[in-house]
Each structure stands twice: as C-alpha cells, then as structure tokens.
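upload26.tsv (TSV, C-alpha atoms and all ligand atoms) appears below.
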chain	number	residue	atom	x	y	z
A	1378	MET	CA	-111.53	-119.49	-96.49
A	1379	THR	CA	-108.56	-121.46	-95.26
A	1380	LYS	CA	-106.54	-123.24	-97.94
A	1381	LEU	CA	-105.92	-126.98	-97.72
A	1382	SER	CA	-102.46	-128.15	-98.74
A	1383	VAL	CA	-102.22	-131.94	-98.78
A	1384	ASN	CA	-98.98	-133.42	-97.48
A	1385	ILE	CA	-98.19	-136.44	-99.65
A	1386	ASN	CA	-95.25	-137.84	-97.64
A	1387	LYS	CA	-97.23	-140.93	-96.69
A	1388	ILE	CA	-98.08	-141.74	-100.32
A	1389	ALA	CA	-94.33	-141.96	-100.86
A	1390	THR	CA	-93.92	-144.11	-97.73
A	1391	LEU	CA	-96.30	-146.66	-99.24
A	1392	ARG	CA	-94.59	-146.55	-102.64
A	1393	ASN	CA	-91.13	-146.97	-101.10
A	1394	ALA	CA	-92.25	-150.09	-99.21
A	1395	ARG	CA	-92.14	-152.12	-102.48
A	1396	GLY	CA	-89.51	-150.21	-104.45
A	1397	GLY	CA	-91.74	-149.77	-107.52
A	1398	ASN	CA	-94.00	-146.89	-108.49
A	1399	ILE	CA	-97.29	-147.90	-106.82
A	1400	PRO	CA	-98.85	-145.66	-105.74
A	1401	ASP	CA	-97.57	-143.13	-108.26
A	1402	VAL	CA	-96.71	-140.06	-106.17
A	1403	VAL	CA	-96.79	-137.59	-109.05
A	1404	GLN	CA	-100.11	-138.87	-110.45
A	1405	MET	CA	-101.60	-138.90	-106.95
A	1406	ALA	CA	-100.55	-135.28	-106.41
A	1407	LYS	CA	-102.19	-134.29	-109.70
A	1408	ASP	CA	-105.37	-136.15	-108.73
A	1409	ILE	CA	-105.39	-134.53	-105.28
A	1410	GLU	CA	-105.31	-131.15	-107.03
A	1411	THR	CA	-108.16	-132.23	-109.32
A	1412	PHE	CA	-110.18	-133.24	-106.24
A	1413	GLY	CA	-109.91	-129.66	-104.98
A	1414	ALA	CA	-106.85	-129.36	-102.76
A	1415	GLU	CA	-105.30	-125.93	-103.00
A	1416	GLY	CA	-101.72	-126.98	-102.44
A	1417	ILE	CA	-99.32	-129.90	-102.25
A	1418	THR	CA	-96.87	-130.17	-99.35
A	1419	VAL	CA	-93.80	-132.39	-99.16
A	1420	HIS	CA	-91.17	-132.77	-96.47
A	1421	PRO	CA	-88.10	-134.41	-98.01
A	1422	ARG	CA	-86.07	-135.71	-95.08
A	1423	PRO	CA	-82.29	-136.21	-95.31
A	1424	ASP	CA	-82.66	-140.02	-95.40
A	1425	GLU	CA	-85.36	-139.70	-98.12
A	1426	ARG	CA	-87.46	-142.27	-96.31
A	1427	HIS	CA	-90.61	-140.99	-97.95
A	1428	ILE	CA	-90.47	-138.07	-100.40
A	1429	THR	CA	-87.16	-138.18	-102.27
A	1430	TYR	CA	-85.27	-135.20	-103.65
A	1431	GLN	CA	-86.05	-136.63	-107.12
A	1432	ASP	CA	-89.79	-136.62	-106.27
A	1433	VAL	CA	-89.54	-132.91	-105.52
A	1434	LEU	CA	-87.93	-132.30	-108.93
A	1435	ASP	CA	-90.57	-134.47	-110.66
A	1436	LEU	CA	-93.51	-132.82	-108.91
A	1437	SER	CA	-92.47	-129.24	-109.47
A	1438	PRO	CA	-93.21	-128.86	-113.21
A	1439	VAL	CA	-96.57	-130.66	-113.14
A	1440	LEU	CA	-98.28	-129.09	-110.13
A	1441	THR	CA	-100.89	-126.44	-110.81
A	1442	THR	CA	-101.55	-125.36	-107.21
A	1443	GLU	CA	-99.14	-124.02	-104.59
A	1444	PHE	CA	-96.14	-126.24	-103.93
A	1445	ASN	CA	-94.95	-126.08	-100.30
A	1446	ILE	CA	-91.61	-127.69	-99.45
A	1447	GLU	CA	-90.89	-128.24	-95.77
A	1448	GLY	CA	-87.63	-129.06	-94.08
A	1449	ASN	CA	-84.65	-128.15	-92.00
A	1450	PRO	CA	-82.58	-125.63	-93.98
A	1451	ILE	CA	-79.40	-127.69	-94.26
A	1452	THR	CA	-77.35	-126.83	-97.36
A	1453	LYS	CA	-78.72	-129.72	-99.45
A	1454	PHE	CA	-82.29	-128.65	-98.67
A	1455	VAL	CA	-81.67	-124.96	-99.35
A	1456	ASN	CA	-80.11	-125.80	-102.74
A	1457	LEU	CA	-83.08	-127.98	-103.66
A	1458	VAL	CA	-85.57	-125.24	-102.78
A	1459	LEU	CA	-83.59	-122.63	-104.72
A	1460	GLN	CA	-83.53	-124.95	-107.74
A	1461	VAL	CA	-87.26	-125.72	-107.62
A	1462	LYS	CA	-88.49	-122.28	-106.54
A	1463	PRO	CA	-91.79	-123.44	-105.00
A	1464	ALA	CA	-94.52	-121.00	-103.96
A	1465	GLN	CA	-93.61	-121.56	-100.31
A	1466	VAL	CA	-90.85	-123.03	-98.19
A	1467	THR	CA	-91.61	-123.98	-94.60
A	1468	LEU	CA	-88.58	-124.14	-92.32
A	1469	VAL	CA	-88.70	-126.81	-89.62
A	1470	PRO	CA	-85.96	-127.35	-87.00
A	1471	ASP	CA	-86.12	-131.13	-87.00
A	1472	ASP	CA	-83.16	-133.38	-86.29
A	1473	GLU	CA	-81.92	-135.67	-89.07
A	1474	ASP	CA	-83.18	-138.76	-87.31
A	1475	ALA	CA	-86.46	-137.32	-86.03
A	1476	ILE	CA	-89.38	-139.69	-86.62
A	1477	THR	CA	-91.45	-136.63	-87.45
A	1478	SER	CA	-91.35	-132.89	-86.74
A	1479	ASN	CA	-91.38	-132.47	-82.99
A	1480	ALA	CA	-90.72	-128.79	-82.14
A	1481	GLY	CA	-91.00	-125.28	-83.44
A	1482	TRP	CA	-88.12	-122.84	-83.89
A	1483	ASP	CA	-86.57	-120.91	-81.05
A	1484	THR	CA	-86.93	-117.69	-83.04
A	1485	ILE	CA	-84.89	-115.69	-80.53
A	1486	ARG	CA	-81.87	-117.98	-80.55
A	1487	TYR	CA	-81.96	-118.65	-84.31
A	1488	ARG	CA	-83.07	-115.16	-85.42
A	1489	ASP	CA	-79.92	-114.28	-87.39
A	1490	PHE	CA	-79.65	-117.72	-88.99
A	1491	LEU	CA	-83.30	-117.66	-90.07
A	1492	LYS	CA	-82.99	-114.08	-91.29
A	1493	GLU	CA	-80.13	-115.02	-93.59
A	1494	VAL	CA	-81.80	-118.14	-95.01
A	1495	ILE	CA	-85.14	-116.38	-95.50
A	1496	SER	CA	-83.47	-113.45	-97.24
A	1497	GLY	CA	-81.97	-115.88	-99.78
A	1498	PHE	CA	-85.41	-117.34	-100.46
A	1499	LYS	CA	-86.97	-113.87	-100.73
A	1500	GLN	CA	-84.41	-112.83	-103.35
A	1501	ASN	CA	-85.61	-115.80	-105.39
A	1502	GLY	CA	-89.30	-114.94	-105.03
A	1503	ILE	CA	-90.04	-117.82	-102.64
A	1504	ARG	CA	-92.46	-117.17	-99.77
A	1505	SER	CA	-91.22	-118.32	-96.36
A	1506	SER	CA	-93.01	-119.77	-93.40
A	1507	ILE	CA	-91.44	-120.91	-90.14
A	1508	PHE	CA	-92.72	-123.66	-87.90
A	1509	VAL	CA	-93.36	-122.38	-84.36
A	1510	ASP	CA	-94.92	-123.60	-81.14
A	1511	PRO	CA	-97.97	-121.67	-79.94
A	1512	ASN	CA	-95.77	-119.46	-77.78
A	1513	PRO	CA	-96.38	-115.67	-77.99
A	1514	ASP	CA	-92.67	-114.88	-77.43
A	1515	MET	CA	-91.64	-117.11	-80.35
A	1516	VAL	CA	-94.30	-115.56	-82.58
A	1517	LYS	CA	-93.28	-112.00	-81.64
A	1518	ALA	CA	-89.63	-112.75	-82.39
A	1519	ALA	CA	-90.52	-114.49	-85.66
A	1520	VAL	CA	-91.27	-111.16	-87.32
A	1521	GLU	CA	-87.63	-110.15	-86.95
A	1522	THR	CA	-86.55	-113.02	-89.20
A	1523	GLY	CA	-88.40	-111.41	-92.12
A	1524	THR	CA	-90.64	-114.45	-92.59
A	1525	ASP	CA	-93.89	-113.97	-94.49
A	1526	ARG	CA	-95.77	-116.52	-92.44
A	1527	ILE	CA	-95.62	-118.71	-89.39
A	1528	GLU	CA	-96.88	-122.27	-89.25
A	1529	LEU	CA	-98.37	-123.05	-85.85
A	1530	TYR	CA	-97.30	-126.53	-84.74
A	1531	THR	CA	-100.58	-128.19	-83.84
A	1532	GLU	CA	-99.56	-131.51	-82.28
A	1533	ALA	CA	-100.24	-130.26	-78.74
A	1534	TYR	CA	-103.71	-129.07	-79.78
A	1535	ALA	CA	-104.48	-132.39	-81.51
A	1536	LYS	CA	-103.41	-134.40	-78.45
A	1537	ALA	CA	-105.37	-132.23	-76.02
A	1538	TYR	CA	-108.47	-132.27	-78.23
A	1539	ALA	CA	-108.35	-136.07	-78.44
A	1540	ASN	CA	-108.25	-136.13	-74.63
A	1541	GLY	CA	-111.32	-133.93	-74.41
A	1542	ASP	CA	-109.42	-130.74	-73.55
A	1543	LYS	CA	-110.63	-127.97	-75.83
A	1544	ASN	CA	-108.76	-125.21	-73.98
A	1545	ALA	CA	-105.49	-125.92	-75.76
A	1546	VAL	CA	-106.81	-124.06	-78.78
A	1547	LYS	CA	-106.68	-120.74	-76.90
A	1548	ALA	CA	-102.90	-120.40	-77.18
A	1549	TYR	CA	-103.20	-120.89	-80.96
A	1550	ALA	CA	-105.92	-118.25	-81.26
A	1551	GLU	CA	-103.78	-115.80	-79.27
A	1552	CYS	CA	-100.67	-116.50	-81.38
A	1553	ALA	CA	-102.63	-116.13	-84.61
A	1554	LYS	CA	-103.85	-112.69	-83.47
A	1555	ILE	CA	-100.30	-111.64	-82.56
A	1556	ALA	CA	-98.97	-112.80	-85.93
A	1557	ASP	CA	-101.71	-110.95	-87.79
A	1558	ASP	CA	-101.05	-107.75	-85.81
A	1559	LEU	CA	-97.38	-108.04	-86.75
A	1560	GLY	CA	-98.21	-108.50	-90.45
A	1561	MET	CA	-97.43	-112.23	-90.74
A	1562	LYS	CA	-99.90	-114.68	-92.25
A	1563	VAL	CA	-100.80	-117.82	-90.33
A	1564	ASN	CA	-100.51	-121.45	-91.44
A	1565	ALA	CA	-101.00	-124.47	-89.19
A	1566	GLY	CA	-100.21	-128.13	-89.28
A	1567	HIS	CA	-99.28	-131.45	-87.69
A	1568	ASP	CA	-101.78	-134.08	-86.63
A	1569	LEU	CA	-104.76	-132.09	-87.84
A	1570	SER	CA	-107.58	-134.42	-88.84
A	1571	LEU	CA	-111.25	-134.65	-89.77
A	1572	ASP	CA	-111.92	-134.97	-86.06
A	1573	ASN	CA	-110.12	-131.85	-84.80
A	1574	ILE	CA	-109.93	-129.45	-87.77
A	1575	GLY	CA	-113.48	-128.06	-87.46
A	1576	TYR	CA	-113.01	-126.74	-83.93
A	1577	PHE	CA	-109.55	-125.39	-84.76
A	1578	LYS	CA	-110.88	-123.49	-87.78
A	1579	GLU	CA	-113.80	-122.15	-85.71
A	1580	GLN	CA	-111.57	-120.87	-82.88
A	1581	VAL	CA	-108.39	-119.68	-84.58
A	1582	PRO	CA	-108.66	-116.45	-86.58
A	1583	HIS	CA	-106.62	-115.47	-89.66
A	1584	LEU	CA	-105.97	-119.08	-90.65
A	1585	GLU	CA	-104.56	-118.83	-94.16
A	1586	GLU	CA	-103.55	-122.44	-94.81
A	1587	VAL	CA	-103.44	-125.84	-93.17
A	1588	SER	CA	-101.17	-128.64	-94.38
A	1589	ILE	CA	-102.44	-132.10	-93.52
A	1590	GLY	CA	-100.91	-135.47	-94.33
A	1591	HIS	CA	-100.78	-138.34	-91.87
A	1592	ALA	CA	-104.42	-138.27	-90.79
A	1593	LEU	CA	-105.77	-137.28	-94.19
A	1594	ILE	CA	-104.07	-140.18	-95.98
A	1595	SER	CA	-105.20	-142.59	-93.24
A	1596	GLU	CA	-108.76	-141.26	-93.47
A	1597	ALA	CA	-108.67	-141.66	-97.25
A	1598	LEU	CA	-107.75	-145.33	-96.75
A	1599	TYR	CA	-110.70	-145.86	-94.43
A	1600	LEU	CA	-113.12	-143.94	-96.62
A	1601	GLY	CA	-112.01	-145.83	-99.73
A	1602	MET	CA	-111.77	-149.34	-98.24
A	1603	GLU	CA	-115.43	-150.37	-98.61
A	1604	LYS	CA	-115.57	-149.33	-102.27
A	1605	THR	CA	-112.30	-151.10	-103.04
A	1606	ILE	CA	-113.37	-154.36	-101.41
A	1607	GLY	CA	-116.64	-154.16	-103.35
A	1608	GLU	CA	-114.69	-153.87	-106.62
A	1609	TYR	CA	-112.64	-156.98	-105.76
A	1610	LEU	CA	-115.70	-158.97	-104.76
A	1611	LYS	CA	-117.36	-158.15	-108.11
A	1612	LEU	CA	-114.34	-159.60	-109.95
A	1613	LEU	CA	-114.16	-162.67	-107.73
A	1614	LYS	CA	-117.78	-163.82	-108.22
B	1	LIG	C1	-93.69	-129.82	-90.47
B	1	LIG	C2	-94.64	-130.78	-90.00
B	1	LIG	O1	-95.43	-130.52	-89.24
B	1	LIG	C3	-94.70	-132.17	-90.32
B	1	LIG	O2	-95.94	-132.62	-90.00
B	1	LIG	C4	-94.19	-132.87	-91.44
B	1	LIG	O3	-94.19	-132.29	-92.64
B	1	LIG	C5	-94.60	-134.29	-91.44
B	1	LIG	O4	-93.50	-135.02	-91.69
B	1	LIG	P1	-93.53	-136.59	-91.67
B	1	LIG	O5	-94.48	-136.99	-92.75
B	1	LIG	O6	-92.13	-136.98	-91.96
B	1	LIG	O7	-94.02	-137.02	-90.33
B	2	LIG	N1	-96.94	-129.02	-92.01
B	2	LIG	C1	-97.68	-130.11	-91.49
B	2	LIG	C2	-97.87	-131.12	-92.52
B	2	LIG	O1	-97.49	-130.94	-93.66
B	2	LIG	C3	-98.60	-132.37	-92.25
B	2	LIG	O2	-98.44	-132.86	-90.98
B	2	LIG	P1	-99.23	-134.21	-90.62
B	2	LIG	O3	-100.68	-133.99	-90.98
B	2	LIG	O4	-98.65	-135.30	-91.49
B	2	LIG	O5	-99.03	-134.42	-89.17

With the file now loaded, output its structure as structure tokens.
Amino acid sequence: MTKLSVNINKIATLRNARGGNIPDVVQMAKDIETFGAEGITVHPRPDERHITYQDVLDLSPVLTTEFNIEGNPITKFVNLVLQVKPAQVTLVPDDEDAITSNAGWDTIRYRDFLKEVISGFKQNGIRSSIFVDPNPDMVKAAVETGTDRIELYTEAYAKAYANGDKNAVKAYAECAKIADDLGMKVNAGHDLSLDNIGYFKEQVPHLEEVSIGHALISEALYLGMEKTIGEYLKLLK
C-alpha cells in the first residue's frame, strides 16, 4: 500500500484570492483526512502566496494523520518546522521566486549542508525526506546526508506519460530500487494525477508515499461541479 498525502496548497490559493476564509483550509484538511487521505502536505513558500506560516501553526494541532511540511530549508522555514515538529519534513531546493518546485537536490554538492539540517530535524524526532531527480548518482549520494527518505520528483514522468512515452518511468523504478537497497524509503510527487498515478504505482517498487496537490484539487473541482450546479438549480426553481 502506498500512502496518499494530499497537498492543500491550492485550497489556500483559492482562499487567498478573496482575503476571507472560504474555503476554510483547516476544515478542508480535516475533511480530507475523514475522506481517507493518510497525510496532509503543505509547502509554505517565502512569499506565503498560498499556505501561510500561520496556516501551518493552525493545522498542526488538529491533524490526525501525518503532517508533511515541504520547503527550502532557509532559517525561517527550519524554525517553523522545529516549532511544529511534523511527522515529516521534505526539503526542496526551490528558489524564492519559483512558480513551483522545478528541480531536485544536487546531493553531492549540498551533502554537508543537508547533513547538518537533517541532523537538527532528527534530534527533534522529525523524519526527513529530500526531493531528488530520478538520477541514480543523486540517489546514491542522498544516503550520505542521513535522510530517511527521498522524494522522487515526478514532473518529467508526468510530462512524458502525457505525451504517450511510458519509458520515462524506468528511471524512477531504478532509483527506487537503489534507494531501497541503501535503506531509504521512497516518496514521490509533482504533477501526479488520476491519469498517470496507476502506471507509476504499477511500475515503481517500494513506493511508500505520494503527495498530490495540483491535479487532485483540479480533479476534485471537475468531479464536484455537476453536483454543485444541481444544488444551485434546485434552489433557483
Ligand atoms: C515539492 C513539490 O513537488 C511541489 O509539488 C510542491 O509542494 C508544490 O508546490 P506549489 O503548490 O507551490 O506548486
Ligand atoms: N511533493 C509534491 C506535492 O506535494 C504535490 O505536488 P503537485 O501535485 O501539486 O504537483
């Protein structure tokens, strides 16, 4: 069984568009857990354009499943994670102004930096995962950082799959095997969707957890639209 952690960034994007509290991010996270998700993921970015630091503090005491906080380990982020002590922190090397995460770590170049940050999280009982491209060298070097898990960055797979190229999954399967041999658990995420997740799950061994946000929230809009319009039409008769 692979665990599903739902990334709720986009719920916050919608809320922030009007400045009020609709949709209610905390209530939505609780409902997502009730509907069966096994984790909640957030990625507070430095400009707080979706999930805010306050959201992270508000979510932490009410969640009943695993809380996964993703981000670039700048001081502000590290302090937040140490305050909240989530089940898992996922380190992502994204620039401050990145539209979304767009690369995995160079685990050779940043080995010592990652080792130090991860050791601080470990001392506080927080599990670490690091975001990596499906590159065997990066996965092999990841083990030296002391990380518990890697998160395979799946954008390249999602793009290739959408273009009819199923071969892209092979690099992910190979990296997952390497990680497992080295004693690291394997997460995956970015642009996974109802369309591409089945094949990924079928082909990639040792898949412990996937975190899915952008597509899942969009799919939920589509799947809920007909029912919602029906409810309005009933009231407008
Ligand atoms: C780490 C990762 O893969 C991302 O998908 C991320 O958490 C999404 O962030 P945005 O919602 O800001 O695009
Ligand atoms: N770690 C990946 C994640 O949380 C969600 O990414 P996406 O589904 O929003 O692309």

Compile the contact shell of Gly1481 (chain A) as a list in words: residues with an atom at most 12 Å away, counting only C-alpha atoms, same-chain residues fewer than 5 positions apart removed. Gly1448, Asn1449, Thr1467, Leu1468, Val1469, Pro1470, Asp1471, Asp1472, Tyr1487, Ser1506, Ile1507, Phe1508, Val1509, Asp1510, Pro1511, Asn1512, Met1515, Val1516, Ala1519, Ile1527, Glu1528, Leu1529, Tyr1530, Thr1531, Glu1532, Ala1533, Ala1565, Gly1566 and His1567 of chain A

Determine, for each residue of chain A having at least one atom at most 6 Å from an atom of ligand LIG 2 (chain B), the closest pair of atoms and their separation in Å to one decimal, counting only C-alpha atoms and all ligand atoms; order by chain and ascending number, as CSV.
residue,atom,partner,partner_atom,distance
A:Asn1384,CA,B:LIG2,O1,4.8
A:Thr1418,CA,B:LIG2,O1,5.8
A:Gly1566,CA,B:LIG2,C1,3.9
A:His1567,CA,B:LIG2,O5,3.3
A:Asp1568,CA,B:LIG2,O5,3.8
A:Leu1569,CA,B:LIG2,O3,5.5
A:Ser1588,CA,B:LIG2,O1,4.4
A:Ile1589,CA,B:LIG2,O3,3.6
A:Gly1590,CA,B:LIG2,O4,3.6
A:His1591,CA,B:LIG2,O4,3.7
A:Ala1592,CA,B:LIG2,O3,5.7

Quick one: axis-aligned box around all listed atoms of ligand LIG 1 (chain B), 6 Å on every side, centre and edge lengths in Å to one decimal, written as AutoDock Vina command-line options.
--center_x -94.0 --center_y -133.4 --center_z -91.0 --size_x 15.8 --size_y 19.2 --size_z 15.5

Extract, using only C-alpha atoms, all DNA, RNA and protein residues at most 12 Å from Lys1453 (chain A), discarding same-chain residues fewer than 3 positions from it, and format them as a PyMOL selection string. chain A and resi 1421-1424+1430+1448-1450+1456-1460

With C-alpha atoms retained, write the just-selected residues as a PDB file, keeping the file's coordinate frame.
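The result, written out as out-v3.pdb:
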ATOM      1  CA  PRO A1421     -88.100-134.410 -98.010  1.00  0.00           C
ATOM      2  CA  ARG A1422     -86.070-135.710 -95.080  1.00  0.00           C
ATOM      3  CA  PRO A1423     -82.290-136.210 -95.310  1.00  0.00           C
ATOM      4  CA  ASP A1424     -82.660-140.020 -95.400  1.00  0.00           C
ATOM      5  CA  TYR A1430     -85.270-135.200-103.650  1.00  0.00           C
ATOM      6  CA  GLY A1448     -87.630-129.060 -94.080  1.00  0.00           C
ATOM      7  CA  ASN A1449     -84.650-128.150 -92.000  1.00  0.00           C
ATOM      8  CA  PRO A1450     -82.580-125.630 -93.980  1.00  0.00           C
ATOM      9  CA  ASN A1456     -80.110-125.800-102.740  1.00  0.00           C
ATOM     10  CA  LEU A1457     -83.080-127.980-103.660  1.00  0.00           C
ATOM     11  CA  VAL A1458     -85.570-125.240-102.780  1.00  0.00           C
ATOM     12  CA  LEU A1459     -83.590-122.630-104.720  1.00  0.00           C
ATOM     13  CA  GLN A1460     -83.530-124.950-107.740  1.00  0.00           C
TER      14      GLN A1460
END

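Distance check against ligand LIG 1 (chain B) using all atoms listed in the file: of A:Ile1446, A:Ile1555, A:Ala1535, A:Val1402, the minimum falls on A:Ile1446.
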
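Counting all atoms listed in the file and comparing A:Leu1491, A:Ala1597, A:Ile1476, A:Ile1388, the residue that lies closest to ligand LIG 1 (chain B) is A:Ile1476.
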
Two-atom distance - CA of Tyr1534 (chain A), CA of Lys1387 (chain A) (Å):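 Atom-to-atom, CA of Tyr1534 (chain A) and CA of Lys1387 (chain A) are spaced 21.6 Å apart.
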
Select, from A:Lys1536, A:Asn1564, A:Glu1447, A:Gly1502, the residue with the minimum atom-to-atom distance to Ser1478 (chain A), counting all atoms listed in the file.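 Going through A:Lys1536, A:Asn1564, A:Glu1447, A:Gly1502 one by one, the smallest distance to Ser1478 (chain A) is for A:Glu1447.
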
Might you pull out every residue within 8 Å of region 1492-1500 of chain A, with only C-alpha atoms counted and same-chain residues fewer than 2 positions away left off, and present them as a list in words? Pro1450, Leu1459, Arg1488, Asp1489, Phe1490, Gly1502, Ile1503, Arg1504, Ser1505, Glu1521, Thr1522, Gly1523 and Thr1524 of chain A

Using only C-alpha atoms and all ligand atoms, find the one residue out of A:Val1455, A:Lys1562, A:Leu1436, A:Ser1570 that sits nearest to ligand LIG 1 (chain B).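 The closest residue to ligand LIG 1 (chain B) is A:Ser1570.
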
With distances taken over all atoms listed in the file, which residue among A:Arg1526, A:Lys1407, A:His1427, A:Arg1395 lies nearest ligand LIG 1 (chain B)? A:His1427

One number please: atom O1 of ligand LIG 1 (chain B) to CA of Val1383 (chain A), in Å, one decimal. 11.8 Å

Name the closest residue to Lys1554 (chain A) among the candidates A:Ala1539, A:Ile1574, A:Ile1399, A:Leu1584; distances are taken between atoms, counting only C-alpha atoms.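 Closest residue, counting only C-alpha atoms: A:Leu1584.
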
What separation in Å, quoted to one decimal, exists between atom O5 of ligand LIG 1 (chain B) and CA of Glu1551 (chain A)? 26.8 Å

For the structure just given, write the atoms of region 1394-1433 of chain A, namely C-alpha atoms, as a short mmCIF file (atom, residue, chain, number, x, y, z; two decimals), in the first residue's frame.
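For reference, result_15.cif as written:
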data_model
loop_
_atom_site.label_atom_id
_atom_site.label_comp_id
_atom_site.auth_asym_id
_atom_site.auth_seq_id
_atom_site.Cartn_x
_atom_site.Cartn_y
_atom_site.Cartn_z
CA ALA A 1394 -7.92 35.19 -3.79
CA ARG A 1395 -10.72 36.85 -1.74
CA GLY A 1396 -8.93 37.54 1.53
CA GLY A 1397 -11.58 35.81 3.66
CA ASN A 1398 -11.73 32.25 4.93
CA ILE A 1399 -13.54 30.48 2.06
CA PRO A 1400 -12.60 27.74 1.54
CA ASP A 1401 -11.55 27.06 5.12
CA VAL A 1402 -8.12 25.44 4.80
CA VAL A 1403 -8.12 23.84 8.24
CA GLN A 1404 -11.65 22.42 7.91
CA MET A 1405 -10.83 21.16 4.41
CA ALA A 1406 -7.73 19.38 5.71
CA LYS A 1407 -9.80 17.71 8.44
CA ASP A 1408 -12.40 16.64 5.86
CA ILE A 1409 -9.70 15.31 3.52
CA GLU A 1410 -8.49 13.14 6.41
CA THR A 1411 -12.05 11.96 7.05
CA PHE A 1412 -12.37 11.03 3.37
CA GLY A 1413 -9.41 8.67 3.79
CA ALA A 1414 -6.22 10.54 2.95
CA GLU A 1415 -3.31 9.31 5.01
CA GLY A 1416 -1.45 12.58 5.22
CA ILE A 1417 -1.63 16.32 4.65
CA THR A 1418 1.18 18.10 2.80
CA VAL A 1419 1.84 21.84 2.71
CA HIS A 1420 4.59 23.85 1.07
CA PRO A 1421 4.72 27.28 2.70
CA ARG A 1422 6.67 29.48 0.29
CA PRO A 1423 8.59 32.55 1.47
CA ASP A 1424 6.01 34.92 -0.08
CA GLU A 1425 3.17 32.91 1.55
CA ARG A 1426 1.23 33.07 -1.69
CA HIS A 1427 -0.78 30.01 -0.75
CA ILE A 1428 -0.16 28.24 2.57
CA THR A 1429 0.89 30.81 5.17
CA TYR A 1430 3.16 30.19 8.14
CA GLN A 1431 0.07 30.81 10.32
CA ASP A 1432 -1.81 28.07 8.42
CA VAL A 1433 0.96 25.63 9.33
#
